[in-house]
Every structure is written in C-alpha cells, then in structure tokens.
Protein chains: 2
Amino acid sequence: MKLYGDWRSSATWRVRIALAWKNLDVDVTPVDILAGQQRSGAFLEKNPMAHVPVLEIDGGVHLAESLAILEWLEETHPSPPLLPSDPILRAKARQQALLIASGIQPLQNTKVQIHVRDVLHADERAWVRHFVEPGLVALEALVRETRGKFAVGDAPSFADVCIVPQLHHARRFDVDLARCPSLVAIEAECAALPAFQRAHADRQPDAPRST
Amino acid sequence: MKLYGDWRSSATWRVRIALAWKNLDVDVTPVDILAGQQRSGAFLEKNPMAHVPVLEIDGGVHLAESLAILEWLEETHPSPPLLPSDPILRAKARQQALLIASGIQPLQNTKVQIHVRDVLHADERAWVRHFVEPGLVALEALVRETRGKFAVGDAPSFADVCIVPQLHHARRFDVDLARCPSLVAIEAECAALPAFQRAHADRQPDAPRST
C-alpha cells in the first residue's frame, strides 16, 4: 500500500494513526499542499477532489476521504480494532469522529483559509477559531458521556484518531482548550501509545527538521 | 425511533431516505433551524453540536451526524442494504458520501452562510457556489468510474443518499450542473424510487404548503 499525504494535514494524520495501530507498513509519498501539489494532474487522477490523503491499495485502486479509508481498514484488517463491538458505541465513536471530520475540520481546511484571507480579505485565524472552539466544546460534552481512558471506553477508536490531530491544529490557531479537559486528557493517553507517536506530524519525513 | 430534523436540512434528508429505504417508521419532530431551535437547551441535550438530525433510539439514546446514523442503520437493519458487499465498492460509496458530507456540505451549512454574510459582509451565495461547484465536478469524475444506474453499481448506496439532497441545494444556489451529467442522471433514477420520493424535502410536514 502507498499513502499520498502531507505531514501537516490532519486527515492524512488520521490515516497514519490507523495504519500504525493496525501494524500496516506503507510507502509514503509526500504531497505538499501548501505548494499546491494536490492540484497537479498526477494527483487529480488519484483524487479529483484534490484532497489528501489517498491510499493506493491492491491493483492500483485509490481510496480517499480519511473516514472511508478508516472504515475500509477496519473491514479488511479488523484486528486490532478501532471501533467498539457494541453497535451503539460504534455509532458514538463514529459520531464523534464525524463531528470533527464534517463539523470542524472542513472549516479550517487550507483552501478555505486561503479563500477567507485572499478573497474575502478577512482574518483567517479568527475564522478558524470561530468554528473550531465551539465545535470542540460540543465534542467535550459528547465525550464526557462515553469516555474511559479514551473517547469511547478504554480502547482507542475512530474518535481518538480524529481528536489528536484536531487538538494539535487547534493550538496552532490559539484555540482556548480550557473548556475541553476530557479531550486534553484523552490526547495525553494517546500520546503514550507507540502507534500515535509514530504517526505524529512532526515525525514525518516531509516535516521540517528541528535543529 | 424518533427523528429530530428540519425539512430543508440535507443531513436530515439523508437519514429520511435511509429510514424509508429500510422501511422503518419513525416519529418526526421538526426543528426549525432558521428559527434557531437547534440552539435551544432541549435540543442541545440531544446534540451539543446544535446540528440536525438527531435520531432517538432504544432507551433514549441520541445519535447525531448523518453518516454515523446511516452506518448504525446499516449495522442494525442490514436489509435492504445501502452499501455494496465488496469492500472496495463499500469504500468507494463511503468516499463519495464523505466527499459531500465533509467536502461540500459543511461549507454551505446555514451557520457558515450567516457568518459569511453578517460577519464578513460577503456574498454568501457566491461563497456557496465557489465551493459546491468544483466539489460536484470532482464527484462526477469519481462517479463515472463506479456508476451503473446509481453512483456505485445498480443499487442505491450512501453515495446516492447524499447526492440527491446535495443536487437539490446546489440548484437553489444556481450552481451550474452542466458538467455533472452522471450525477443528474443518478438523481433521476433515485427520484423514481418510492423511498426517495417519501423522503423529499417538499413532502415533509414542516415544509411550506404549496397552494
């Protein structure tokens, strides 16, 4: 398998966590989204939506949309799982993941920020905070009903896979996380796990080297 | 089961289609999102994110995020299905659904439109077109690789469930669909199915009566 993605992209990061959790080795091809490489002809053949990540699987099939990739990994490589076995808890884990993937992250997407800044001549960082902060406060309320060590019970799920990159980016935009203590505690639990460590943005080959 | 939603909301519409397809009867409680009822205390207890729809299931459990609800319905009421059986085709159906649910719809969300108009003093209809049109053109390219009568093969899936409300709203914003003939043809196939007919926005009890 081959993963096309950007070290900064939270959607790519989610897939990296799932691959590492399931002990799957993949070749990584960096796609620099700030340089616009996701709009190259070669990439658009893999995903016409011009979004990272793309996972290339058997026979040159290309899958995109991080949660669709996570579901595919869960169905084809079920162990160790990233969803609980109880149907209601599975729904709760997916609800929390989608709250981020559909309710928060699309509004801080790089192309949206650039449009807000360059076309609407508005403060893109204020825009991001306006949508991310209440989204995370809502997620905190949901997580309080389901959490153990992780967002839904005592094992990592799709929810945690989405929470970790989202909190990282929230801090970059100075989002106040004071009202999200459960999310911050879950992030700390995740940070102790080798799979989450290996998937961290700063540890990717295309990340800038700290000197 | 009880569905809290708004006739206009495309996320609510998706869940209505899935319920109708699976022959599940639910009580519907309208939540008027233009009047802000999704921010009432009573609704926030059901979904702190203040988004419709919410499906109330056994024992007063509340599920939100339309695709999480669709996955729960698929797991607990698998027949008739809304996903193919082949893992790669399941992934493709989910990818197309998520392209809409994470890549397009969040940017035309009512609260985003209001923010663009009232806070950034920009044209919210131009904003919607700017993001919806290229999103649908990208989806058209994906669908051409997988379509039969419907988006993925010859049976409706999560992809079609998302395409139908999205095209309806695209027209409201004068999005040009000339480059999306496959999507328009799929919409017409769906419109012939009773489940899609019953779920149509204009046929809901909270929709304005045409006289």
# chains A, B, ... in the order shown; residues from 1 in each chain; ligands from 1
call {"tool": "closest_atom_pairs", "arguments": {"of": "chain A", "to": "chain B", "cutoff": "8 Å", "atoms": "only C-alpha atoms", "output": "CSV"}}
result
residue,atom,partner,partner_atom,distance
A:Asn47,CA,B:Leu142,CA,8.0
A:Pro48,CA,B:Ala138,CA,4.9
A:Met49,CA,B:Ala138,CA,5.0
A:Leu63,CA,B:Lys92,CA,7.0
A:Ala64,CA,B:Gln95,CA,6.1
A:Glu65,CA,B:Gln95,CA,5.5
A:Leu67,CA,B:Leu98,CA,7.8
A:Ala68,CA,B:Gln95,CA,5.3
A:Ile69,CA,B:Ala91,CA,6.9
A:Glu71,CA,B:Ala91,CA,7.3
A:Trp72,CA,B:Ala91,CA,5.8
A:Glu75,CA,B:Pro87,CA,7.2
A:Thr76,CA,B:Pro87,CA,7.4
A:Pro87,CA,B:Trp72,CA,6.6
A:Ile88,CA,B:Trp72,CA,7.4
A:Arg90,CA,B:Trp72,CA,7.8
A:Ala91,CA,B:Ala68,CA,5.6
A:Lys92,CA,B:Leu63,CA,7.0
A:Arg94,CA,B:Ala68,CA,5.3
A:Gln95,CA,B:Ala68,CA,5.3
A:Leu98,CA,B:Glu65,CA,6.4
A:Leu99,CA,B:Glu65,CA,6.8
A:Ala101,CA,B:Ser102,CA,6.2
A:Ser102,CA,B:Ser102,CA,4.2
A:Gly103,CA,B:Pro106,CA,6.5
A:Pro106,CA,B:Ser102,CA,6.3
A:Leu107,CA,B:Leu107,CA,6.9
A:Leu120,CA,B:Ala122,CA,6.8
A:Ala122,CA,B:Leu120,CA,6.8
A:Pro134,CA,B:Met49,CA,8.0
A:Gly135,CA,B:Met49,CA,6.5
A:Ala138,CA,B:Pro48,CA,4.9
A:Leu139,CA,B:Met49,CA,7.2
A:Ala141,CA,B:Pro48,CA,6.7
A:Leu142,CA,B:Pro48,CA,7.1
call {"tool": "select_by_dssp", "arguments": {"residues": "range 41-141 of chain B", "states": "helix (DSSP H, G or I)", "output": "JSON, numbers by chain"}}
result
{"B": [41, 42, 43, 44, 45, 46, 58, 59, 60, 66, 67, 68, 69, 70, 71, 72, 73, 74, 75, 76, 87, 88, 89, 90, 91, 92, 93, 94, 95, 96, 97, 98, 99, 100, 101, 102, 103, 105, 106, 107, 108, 110, 111, 112, 113, 114, 115, 116, 117, 118, 124, 125, 126, 127, 128, 129, 130, 131, 132, 133, 134, 135, 136, 137, 138, 139, 140, 141]}
call {"tool": "select_by_dssp", "arguments": {"residues": "range 49-210 of chain B", "states": "strand (DSSP E)", "output": "NGL selection string"}}
result
:B and (54-57 or 61-64)
call {"tool": "write_last_selection", "arguments": {"atoms": "C-alpha atoms", "output": "tab-separated table (two decimals), in the first residue's frame"}}
result
chain	number	residue	atom	x	y	z
B	54	VAL	CA	-30.74	13.55	15.76
B	55	LEU	CA	-32.15	10.03	15.84
B	56	GLU	CA	-33.53	8.93	19.20
B	57	ILE	CA	-33.25	5.16	19.57
B	61	VAL	CA	-30.02	7.22	23.26
B	62	HIS	CA	-29.45	10.11	20.85
B	63	LEU	CA	-27.35	9.67	17.72
B	64	ALA	CA	-26.20	12.57	15.54
call {"tool": "residues_around", "arguments": {"residues": "Leu82 in chain A", "least_positions_apart": "2", "cutoff": "9 Å", "atoms": "only C-alpha atoms", "output": "list of chain:residue names"}}
result
A:Ala18, A:Trp21, A:Lys22, A:Leu70, A:Glu74, A:Pro78, A:Ser79, A:Pro80, A:Pro84, A:Ala155, A:Pro156, A:Ser157, A:Phe158, A:Ala159, A:Val161
call {"tool": "residues_around", "arguments": {"residues": "range 6-16 of chain B", "least_positions_apart": "4", "cutoff": "7 Å", "atoms": "only C-alpha atoms", "output": "PyMOL selection string"}}
result
chain B and resi 20+30-33+52-53+66+70+161-162+165-166+199+201+204+206-207
call {"tool": "closest_residue", "arguments": {"among": "A:Cys180, A:Leu193, A:Val175, A:Leu167", "to": "Val143 in chain A", "atoms": "only C-alpha atoms"}}
result
A:Cys180
call {"tool": "residues_around", "arguments": {"residues": "Ala191 in chain B", "least_positions_apart": "5", "cutoff": "9 Å", "atoms": "only C-alpha atoms", "output": "PyMOL selection string"}}
result
chain B and resi 164+186+196-197+200
call {"tool": "atom_distance", "arguments": {"atom1": "CA of Glu189 in chain B", "atom2": "CA of Glu145 in chain B"}}
result
17.6 Å
